[in-house]
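Following: one structure in structure tokens, then a few remarks.
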Amino acid sequence: MANKEALRELQSRLAERLHAAKSEGASVSWLAVRVGQGNFLLPLAQSGEIFQAASATPMPYAQPWLLGVVNLRGGLYSVVDLAGFIKSEAPAVRTEQAWGQARLITFNPELEINCALVVDALIGLRRQDVFTGVSGPPDGSPGYFGQRLTDAQGVYWQELNLQTLARNAEFLSVGL
């Protein structure tokens, strides 16, 4: 029970900071998330709202990484398991505890795609100045991978360009 309250509190603080960062034009650039075993950065300008992971209604004849559709604030959103999509495989089976930490992150409405990405955990907000190294995306990586950043602890973070992802033909081809 204490873990649930701590997660709700973290999500609430992140939502408040995200809203403040967007409205104040602060130097916060990314929402840091964990997807599978990887650390990813989602540009704030391209990210939408954060929701607790909800049970999606499955869609027949869809790619394995498309978990289904869900109603978020009265809008119908497709739910994509980001780890499954990036790895081009069926999503990993998550425990109830893992689903408790998972979140849905929608795309910014300006990108005109009603989609929510499943991430395994929210890490927080990140500014450019917390990173000590920047390089291009790894060789052979998809076009929606942006720069690769290294923080002061030597941890690698991969930026995901959500605008490019929203226009990616493979991402838009959800049928089998």
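Residue numbering restarts at 1 for every chain of the structure tokens, chains are lettered A, B, ... in their displayed order, and ligands are numbered from 1 as they appear.
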Counting only C-alpha atoms, what is within 9 Å of A:Pro137, bar same-chain residues fewer than 5 positions away, as a ChimeraX atom specification? /A:142-143,145-148,158-159
Could you save the residues just selected, with C-alpha atoms, as a PDB file, in the first residue's frame?
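Resulting contents of selection_27.pdb:
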ATOM      1  CA  PRO A 142      15.497   3.335 -36.276  1.00  0.00           C
ATOM      2  CA  GLY A 143      14.906   6.864 -37.576  1.00  0.00           C
ATOM      3  CA  PHE A 145      15.987   7.412 -32.273  1.00  0.00           C
ATOM      4  CA  GLY A 146      17.497  10.794 -31.573  1.00  0.00           C
ATOM      5  CA  GLN A 147      20.751  11.576 -29.872  1.00  0.00           C
ATOM      6  CA  ARG A 148      22.260   9.347 -27.218  1.00  0.00           C
ATOM      7  CA  GLN A 158      18.328   7.253 -25.714  1.00  0.00           C
ATOM      8  CA  GLU A 159      16.181  10.119 -26.967  1.00  0.00           C
TER       9      GLU A 159
END
Please, which residues of stretch 32-127 of chain A, numbered as in this document, come out strand (DSSP E) from DSSP, as an NGL selection string? :A and (32-35 or 38-43 or 47-52 or 66-72 or 75-81 or 103-107 or 115-119 or 121-127)
Which residue of A:Phe171, A:Trp65, A:Trp157, A:Phe85 approaches A:Gln128 most closely, using only C-alpha atoms: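 Closest to A:Gln128 of all the choices is A:Trp157.
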Using only C-alpha atoms, I'd like a table of the residues in stretch 81-164 of chain A that come within 9 Å of stretch 28-43 of chain A; for each, show the closest atom pair and its distance in Å rounded to one decimal, ordered by chain and ascending number, as a tab-separated table.
residue	atom	partner	partner_atom	distance
A:Leu82	CA	A:Val35	CA	6.9
A:Ala83	CA	A:Val35	CA	5.6
A:Gly84	CA	A:Gly36	CA	8.7
A:Ala92	CA	A:Gly36	CA	8.5
A:Val118	CA	A:Val35	CA	8.1
A:Val119	CA	A:Val35	CA	5.2
A:Asp120	CA	A:Val35	CA	5.2
A:Ala121	CA	A:Arg34	CA	5.1
A:Leu122	CA	A:Val33	CA	4.6
A:Ile123	CA	A:Val33	CA	5.1
A:Gly124	CA	A:Ala32	CA	5.2
A:Leu125	CA	A:Leu31	CA	4.7
A:Arg126	CA	A:Trp30	CA	5.2
A:Arg127	CA	A:Val28	CA	4.4
A:Gln128	CA	A:Ser29	CA	6.6
A:Val155	CA	A:Asn39	CA	8.3
A:Tyr156	CA	A:Asn39	CA	6.9
A:Trp157	CA	A:Asn39	CA	5.0
A:Gln158	CA	A:Phe40	CA	4.7
A:Glu159	CA	A:Leu41	CA	4.5
A:Leu160	CA	A:Leu42	CA	5.5
A:Asn161	CA	A:Pro43	CA	6.9
A:Leu162	CA	A:Leu42	CA	7.1
Create the file for the chosen residues now, containing C-alpha atoms and written as a PDB file, in the first residue's frame.
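After the write, selection21.pdb holds the following:
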ATOM      1  CA  LEU A  82       6.891   0.632 -26.486  1.00  0.00           C
ATOM      2  CA  ALA A  83       9.339  -2.106 -25.494  1.00  0.00           C
ATOM      3  CA  GLY A  84       7.609  -4.602 -27.780  1.00  0.00           C
ATOM      4  CA  ALA A  92       6.895  -9.071 -22.184  1.00  0.00           C
ATOM      5  CA  VAL A 118       3.295   1.971 -22.260  1.00  0.00           C
ATOM      6  CA  VAL A 119       6.498   2.691 -20.346  1.00  0.00           C
ATOM      7  CA  ASP A 120       7.672   0.523 -17.482  1.00  0.00           C
ATOM      8  CA  ALA A 121       8.525   3.349 -15.092  1.00  0.00           C
ATOM      9  CA  LEU A 122       8.712   7.109 -14.836  1.00  0.00           C
ATOM     10  CA  ILE A 123      12.141   8.324 -13.794  1.00  0.00           C
ATOM     11  CA  GLY A 124      11.608  12.087 -13.773  1.00  0.00           C
ATOM     12  CA  LEU A 125      12.331  15.229 -15.738  1.00  0.00           C
ATOM     13  CA  ARG A 126      15.757  15.936 -17.220  1.00  0.00           C
ATOM     14  CA  ARG A 127      17.502  19.083 -18.378  1.00  0.00           C
ATOM     15  CA  GLN A 128      20.293  19.269 -20.922  1.00  0.00           C
ATOM     16  CA  VAL A 155      24.235   5.933 -17.630  1.00  0.00           C
ATOM     17  CA  TYR A 156      23.172   6.028 -21.291  1.00  0.00           C
ATOM     18  CA  TRP A 157      19.876   7.619 -22.275  1.00  0.00           C
ATOM     19  CA  GLN A 158      18.328   7.253 -25.714  1.00  0.00           C
ATOM     20  CA  GLU A 159      16.181  10.119 -26.967  1.00  0.00           C
ATOM     21  CA  LEU A 160      12.998   9.109 -28.818  1.00  0.00           C
ATOM     22  CA  ASN A 161      11.671  11.620 -31.316  1.00  0.00           C
ATOM     23  CA  LEU A 162       7.913  11.182 -30.861  1.00  0.00           C
TER      24      LEU A 162
END
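Among the candidates A:Ala152, A:Val80, A:Ala45, A:Met59, the residue lying nearest to A:Asn114 is A:Val80 (atoms considered: only C-alpha atoms).
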What are the DSSP helix (DSSP H, G or I) residues of stretch 86-175 of chain A, as a PDB file with N, CA and C atoms, in the first residue's frame?
ATOM      1  N   ILE A  86       9.769  -1.421 -30.102  1.00  0.00           N
ATOM      2  CA  ILE A  86      11.183  -1.156 -30.382  1.00  0.00           C
ATOM      3  C   ILE A  86      11.924  -2.450 -30.704  1.00  0.00           C
ATOM      4  N   LYS A  87      11.613  -3.508 -29.962  1.00  0.00           N
ATOM      5  CA  LYS A  87      12.296  -4.788 -30.170  1.00  0.00           C
ATOM      6  C   LYS A  87      11.638  -5.629 -31.262  1.00  0.00           C
ATOM      7  N   GLU A  96       1.666  -8.129 -11.852  1.00  0.00           N
ATOM      8  CA  GLU A  96       0.741  -7.115 -11.347  1.00  0.00           C
ATOM      9  C   GLU A  96       1.516  -5.931 -10.767  1.00  0.00           C
ATOM     10  N   GLN A  97       2.619  -6.221 -10.100  1.00  0.00           N
ATOM     11  CA  GLN A  97       3.453  -5.158  -9.538  1.00  0.00           C
ATOM     12  C   GLN A  97       4.065  -4.306 -10.654  1.00  0.00           C
ATOM     13  N   ALA A  98       4.520  -4.941 -11.730  1.00  0.00           N
ATOM     14  CA  ALA A  98       5.092  -4.202 -12.863  1.00  0.00           C
ATOM     15  C   ALA A  98       4.034  -3.318 -13.508  1.00  0.00           C
ATOM     16  N   TRP A  99       2.804  -3.830 -13.637  1.00  0.00           N
ATOM     17  CA  TRP A  99       1.731  -2.996 -14.190  1.00  0.00           C
ATOM     18  C   TRP A  99       1.420  -1.829 -13.263  1.00  0.00           C
ATOM     19  N   GLY A 100       1.631  -2.024 -11.976  1.00  0.00           N
ATOM     20  CA  GLY A 100       1.405  -0.934 -11.026  1.00  0.00           C
ATOM     21  C   GLY A 100       2.380   0.216 -11.227  1.00  0.00           C
ATOM     22  N   GLN A 101       3.580  -0.084 -11.701  1.00  0.00           N
ATOM     23  CA  GLN A 101       4.576   0.957 -11.959  1.00  0.00           C
ATOM     24  C   GLN A 101       4.499   1.496 -13.378  1.00  0.00           C
ATOM     25  N   PRO A 109      -1.097  16.540 -28.384  1.00  0.00           N
ATOM     26  CA  PRO A 109      -2.213  16.634 -29.332  1.00  0.00           C
ATOM     27  C   PRO A 109      -1.831  17.282 -30.669  1.00  0.00           C
ATOM     28  N   GLU A 110      -0.819  18.130 -30.669  1.00  0.00           N
ATOM     29  CA  GLU A 110      -0.385  18.777 -31.909  1.00  0.00           C
ATOM     30  C   GLU A 110       0.167  17.767 -32.922  1.00  0.00           C
ATOM     31  N   LEU A 111       0.574  16.588 -32.461  1.00  0.00           N
ATOM     32  CA  LEU A 111       1.093  15.556 -33.358  1.00  0.00           C
ATOM     33  C   LEU A 111      -0.037  14.797 -34.050  1.00  0.00           C
ATOM     34  N   GLN A 128      19.093  19.503 -20.110  1.00  0.00           N
ATOM     35  CA  GLN A 128      20.293  19.269 -20.922  1.00  0.00           C
ATOM     36  C   GLN A 128      21.559  19.279 -20.071  1.00  0.00           C
ATOM     37  N   ASP A 129      21.599  20.132 -19.049  1.00  0.00           N
ATOM     38  CA  ASP A 129      22.834  20.295 -18.281  1.00  0.00           C
ATOM     39  C   ASP A 129      23.183  19.120 -17.363  1.00  0.00           C
ATOM     40  N   VAL A 130      22.311  18.118 -17.232  1.00  0.00           N
ATOM     41  CA  VAL A 130      22.646  16.956 -16.398  1.00  0.00           C
ATOM     42  C   VAL A 130      23.412  15.896 -17.179  1.00  0.00           C
ATOM     43  N   LEU A 162       9.300  11.631 -30.754  1.00  0.00           N
ATOM     44  CA  LEU A 162       7.913  11.182 -30.861  1.00  0.00           C
ATOM     45  C   LEU A 162       7.253  11.681 -32.139  1.00  0.00           C
ATOM     46  N   GLN A 163       7.665  12.834 -32.629  1.00  0.00           N
ATOM     47  CA  GLN A 163       7.100  13.343 -33.876  1.00  0.00           C
ATOM     48  C   GLN A 163       7.467  12.416 -35.033  1.00  0.00           C
ATOM     49  N   THR A 164       8.710  11.989 -35.083  1.00  0.00           N
ATOM     50  CA  THR A 164       9.151  11.057 -36.127  1.00  0.00           C
ATOM     51  C   THR A 164       8.478   9.702 -35.942  1.00  0.00           C
ATOM     52  N   LEU A 165       8.352   9.244 -34.697  1.00  0.00           N
ATOM     53  CA  LEU A 165       7.686   7.976 -34.419  1.00  0.00           C
ATOM     54  C   LEU A 165       6.235   8.013 -34.880  1.00  0.00           C
ATOM     55  N   ALA A 166       5.556   9.128 -34.663  1.00  0.00           N
ATOM     56  CA  ALA A 166       4.152   9.255 -35.040  1.00  0.00           C
ATOM     57  C   ALA A 166       3.952   9.212 -36.549  1.00  0.00           C
ATOM     58  N   ALA A 169       6.129   4.597 -40.743  1.00  0.00           N
ATOM     59  CA  ALA A 169       5.216   3.681 -41.443  1.00  0.00           C
ATOM     60  C   ALA A 169       4.981   2.394 -40.648  1.00  0.00           C
ATOM     61  N   GLU A 170       6.016   1.837 -40.050  1.00  0.00           N
ATOM     62  CA  GLU A 170       5.855   0.606 -39.271  1.00  0.00           C
ATOM     63  C   GLU A 170       4.962   0.852 -38.054  1.00  0.00           C
ATOM     64  N   PHE A 171       5.134   1.997 -37.412  1.00  0.00           N
ATOM     65  CA  PHE A 171       4.335   2.342 -36.234  1.00  0.00           C
ATOM     66  C   PHE A 171       2.868   2.525 -36.609  1.00  0.00           C
ATOM     67  N   LEU A 172       2.618   3.058 -37.781  1.00  0.00           N
ATOM     68  CA  LEU A 172       1.250   3.305 -38.225  1.00  0.00           C
ATOM     69  C   LEU A 172       0.593   2.064 -38.800  1.00  0.00           C
TER      70      LEU A 172
END
Pick out the residues sitting within 6 Å of stretch 47-49 of chain A, and hand them over as a ChimeraX atom specification; count only C-alpha atoms, and ignore anything fewer than 3 positions along from it in its own chain. /A:44,105-108
